[in-house]
Amino acid sequence: MSEVKKSASGSGRGGGWTRFVTARPRLTLLVALVLTALAVLAGGGVADRMGSGGWEDPAAESTYATKALERRFPGSQPNVLLLVDASGAEAAGGAKAAGGAKASGGAKASGATKATGAAAPVDNPAVVAEARRLAERLDAEPGVEGVGSYWSTGSPALRSEDGRQAVIAARIPGEEKDAAAVLDRIAPTYRGTHGPVEVSLGGGLAVRHEMQTVIQEDLLRAELIALPVTLVLLVMVFGSAVAALLPLGVGIVAILGTNAVLRGITELTDVSVFAQNLTTALGLGLAIDYALFVVRRYREELAAGADTHTAVRTTLRTAGRTVLFSALTVAVSLAAMLVFPQYFLRSFAYAGIAVVLLAATAALTLLPAALVLLGDRVNALDLRRLLRRGRATGEAGDGAGWGRAAALVMRRAPVFAVVTTAGLVLLGLPFLGVKFGTADDRQLPVTASSRVVQDELRDGFPGNPGGGITVLAEGAATPAQYADYRERISALDGVARAEGPVTAGGAAYFSVVPDGETVGADAQRVVGELRTAGAPFATSVTGPAAVLVDSKDAIAERLPWAAGIIVLVTLLLVFLLTGSVVVPVQAVLLNALSLTAMFGAVVWVFQEGHLAGFLGFTSTGDIETTLPVLMFCVAFGLSMDYGVFLLSRIKEEYDATGDHERSVRFGLRHTGGLITAAAVILAVVMVAIGTSRVTNTKMLGLGVALAVLMDAMVVRSLLVPSVMKLTGRLTWWAPGPLRRFHDRFGISESDSYNPSADPDVEEASGKWRETTSLRG
C-alpha cells in the first residue's frame with residue numbers, strides 16, 4: 001500500500017516536475033505554443049541552407065587535392081558541364097545536301113556522308129562558332145572559373161564518339177550554397193536552343209542541386225501521405241478521435257522545433273538536406289510511440305479508478321520515466337554518427353538527437369498538460385464504442401491474446417528460438433556480398449535533366465568528363481621527370497590513358513582515365529597504385545574513385561568506435577532499467593539480429609536490382625558507403641525504443657511478484673499490441689519517405705520500415721519471450737555491487753504498481769518478498 005500512497009501523493013523522484021505540469025497546464029500549453037511559433041519563424045527556409053553532398057572525409061588526401069586543384073587549376077575539377085548537341089546542325093546540313101529530295105534519298109545521303117568521312121556535326125563551322133561564343137560568355141560570368149571546351153582543347157574526352165555532342169566544362173568554386181546560387185543565376189541563360197545547337201546542363205554541382213530540389217518535393221509529398229494515414233491508424237488504435245490527435249500534435253511540435261535547431265546548426269557547420277527526411281520520420285514516429293505509451297498508461301489509470309490529476313502524475317512517474325529512458329537510448333544510437341568525419345552522417349546525428357529529445361520533451365510536457373485539461377474527455381468521439389457494446393472505456397483489459405501467444409512461445413521456447421534465429425540469419429545472408437560505392441546522378445530518376453546529361457556522357461563519351469582520377473604534383477620537377485611519370489602511370493594495369501601535365505606556379509596535374517566504371521573496383525585499385533607509385537615530387541590523388549577509397553577508410557577506422565559507443569551505453573542504460581547484467585546483453589544481441597533482414601534486403605533489392613522496375617530506381621551494382629552505417633544507427637535505436645517499452649513492463653511485474661514467466665506474459669500482454677501498433681505507424685511514415693525518387697532516401701525509408709516491422713512482429717513477439725524462457729531466473733542476475741548500484745540509481749515503473757488490481761498477484765508478491773534475497 002505504500003507504493004499506492006506514494007503514487008497518489010506525487011512524492012518521490014520526479015514529483016516536482018509532475019506537480020508543475022499538472023498544476024499549470026494552461027501555462028505549459030501557452031509557453032509551448034509561443035515556442036512553436038518562434039520555431040516556425042526560425043526554421044523557415046532551412047532546406048535552402050542545407051547541402052546535398054557530405055560523403056567525403058575533410059581530412060583525406062582526396063579532399064586536400066581537390067581544394068588545392070581548385071585554387072591552382074580551376075579547370076581541372078569541373079563541376080558544371082554544358083552538353084552541346086549539334087544533331088540539329090547535322091539534320092540541317094543533310095537537308096541542304098538533299099536539295100529537296102525525298103526522305104529516303106535523304107537517308108541515303110546521310111549514309112553516304114558517313115562513308116565519305118565528312119566532318120562530324122560538332123565540327124560544323126556554325127556549331128564551332130556558336131560553341132566558342134557560349135564558352136566565351138560563360139568565362140565572363142562572375143563566379144565561374146576554369147572554362148574549357150572541346151573546341152578550345154581538342155580533347156577526345158570532351159567529344160562524343162558519334163561526333164554529335166561535345167562539352168563545355170567549367171567550375172563554380174566556393175561553398176555548396178554559394179555555388180548553387182551562381183548556377184541558379186546562369187542556368188536559364190545557357191539551357192535551351194542556341195542557333196544550331198541545343199544545350200543541357202550537367203556536372204556534379206547540377207546533379208547535387210537537382211537532388212536537393214527533388215528531395216524537398218518528395219519530403220512534402222511524404223508528409224501529405226503520412227499524416228492522414230497515420231491519423232486513421234491512430235483512430236483505429238485509440239478508438240477516440242481526440243486521443244488520436246494528441247500524438248500528431250506532439251510530432252508536429254517535434255518536427256518544427258528540429259527545423260529551428262537545424263537552422264541554427266547551419267550557421268556553424270554544413271548540414272545535409274537528406275537529414276530532413278529523418279526529421280520527419282522520427283518526429284512523427286517517435287512522437288507517436290511516446291504518446292501512445294503515455295496515453296495508454298493514462299487511460300489504464302483512469303480505468304482503474306484514478307482521478308485525472310492522480311492518473312497524470314502516475315503516468316509521468318512510470319510511463320514518463322520509460323519514455324525519457326527510451327529517448328536517451330535512441331539519441332545515443334544516433335549520436336554515435338558524430339564520430340564520423342563525413343558531414344552527411346553527422347547531419348543525421350544533429351537532426352536525430354534534436355528530434356528525439358524534442359519529441360520526448362513534448363510527450364512529457366504538452367501531452368500531460370493536455371490530458372489534465374481533457375480529463376476523461378480523452379476518450380471522446382470514441383469510434384469503437386459500438387464494437388465494444390458497453391465494455392468499460394480504457395484498455396486495461398486488452399492484450400489477452402498477446403499473453404496467450406507469449407505462453408505458447410515459452411512452452412516451445414527452444415523451437416521458436418532456433419527457428420527464428422535461423423530465419424533472421426538466412427534473410428541477412430545477401431549482405432555478405434555487399435559492394436560499396438558512391439552516390440552519383442543515378443540516384444535521381446531517369447527523367448531528371450542533370451541525370452539525362454550524365455547518362456549521355458557515361459554512354460556516349462570515351463571518358464566521362466570530370467569523372468576520372470586526377471593526380472596533383474607539387475614541387476620542383478623537370479619536363480623529363482613529368483614525362484617519365486606520365487609514362488609510368490599510363491602503363492599501370494586498368495589505366496585507359498593518362499594526359500598531362502598541365503603546369504602552373506611550380507605545380508602540375510595529370511588526368512588519368514581508368515578502364516570501366518569511374519568508381520569501380522579497377523578504378524579504386526588504380527588509386528591505390530597511384531598513391532604508392534614513386535615520384536620525384538609530392539603527389540596527391542583525387543577524383544570520385546579516390547573520394548570513395550578515402551570515405552571507406554574513414555568509416556572502417558571509426559566504425560569500431562561508433563559500435564562501441566552504442567553497445568556500451570546501451571548496456572549501461574538497460575542495466576539501469578532492469579538491474580540485470582544478462583538482459584542488457586540479450587537486448588544488444590537480439591536488436592542486432594533484428595536488423596539482418598534489413599541489410600539482406602538492401603543488397604538483394606538495391607545492389608542486385610531485384611524489384612528495381614517496381615520500385616522505380618536504377619541499380620548501380622553497389623551500396624553508397626555511408627548508408628549501412630546510417631541505417632544501422634537509426635534502426636538499432638528504434639529497436640531499443642520498443643525493447644525498452646517491453647522490458648520496463650516485464651521488470652515492473654517481476655519486481656512485484658518474482659514470477660519470471662508470468663512477468664514475460666504480463667509484459668507482452670500490456671505492450672504487445674502497443675508496440676505492434678507503434679511499429680506499423682512508424683513503418684507507414686518510413687514507407688512514405690521511401691516513395692522518394694532519390695534512391696538513397698528510398699533505401700533508407702523502406703529498409704528501416706522493414707527493420708521496425710521485423711523487430712516488433714518477430715523479435716519482440718517470438719525471440720524475446722523464447723530466449724527469456726530459456727535463461728529463466730538467470731535473466732535477472734547481477735553481482736552484489738551492481739545490484740546495490742541499481743537499487744540506488746536504477747529506473748523502473750514499479751512506483752505505481754498496485755497489486756490489489758490483480759487478485760492473483762498478492763500471494764505471489766508475499767512469496768517474492770520472502771525469497772528476494774535469492775536474486776543474483
# chains A, B, ... in the order shown; residues from 1 in each chain; ligands from 1

$ residues_around --residues "range 356-373 of chain A" --least-positions-apart "6" --cutoff "8 Å" --atoms "only C-alpha atoms" --output "PyMOL selection string"
chain A and resi 21-22+24-26+28-29+32+246+250-251+253-254+257-258+282-283+286-287+290-291+294+308-309+312+316+320+323-324+327-328+330-331

$ residues_around --residues "Ile681 in chain A" --least-positions-apart "6" --cutoff "12 Å" --atoms "only C-alpha atoms" --output "PyMOL selection string"
chain A and resi 226-237+247-248+281-282+284-289+292+674-675+687-688+705+708-709+712

$ residues_around --residues "Phe274 in chain A" --least-positions-apart "3" --cutoff "12 Å" --atoms "only C-alpha atoms" --output "NGL selection string"
:A and (47 or 50-55 or 208 or 211-216 or 218-219 or 270-271 or 277-281 or 343-352 or 627 or 630 or 689 or 692 or 694-698 or 700-701)

$ residues_around --residues "Ile566 in chain A" --least-positions-apart "4" --cutoff "9 Å" --atoms "only C-alpha atoms" --output "PyMOL selection string"
chain A and resi 329+332-336+561-562+570-571+633+636-637

$ closest_residue --among "A:Ala135, A:Val34, A:Val339, A:Val582" --to "Ala169 in chain A" --atoms "only C-alpha atoms"
A:Ala135

$ closest_residue --among "A:Gly475, A:Gly672, A:Pro121, A:Gly460" --to "Ser160 in chain A" --atoms "only C-alpha atoms"
A:Gly460

$ closest_residue --among "A:Gly146, A:Pro430, A:Gly375, A:Gly88" --to "Val199 in chain A" --atoms "only C-alpha atoms"
A:Gly88
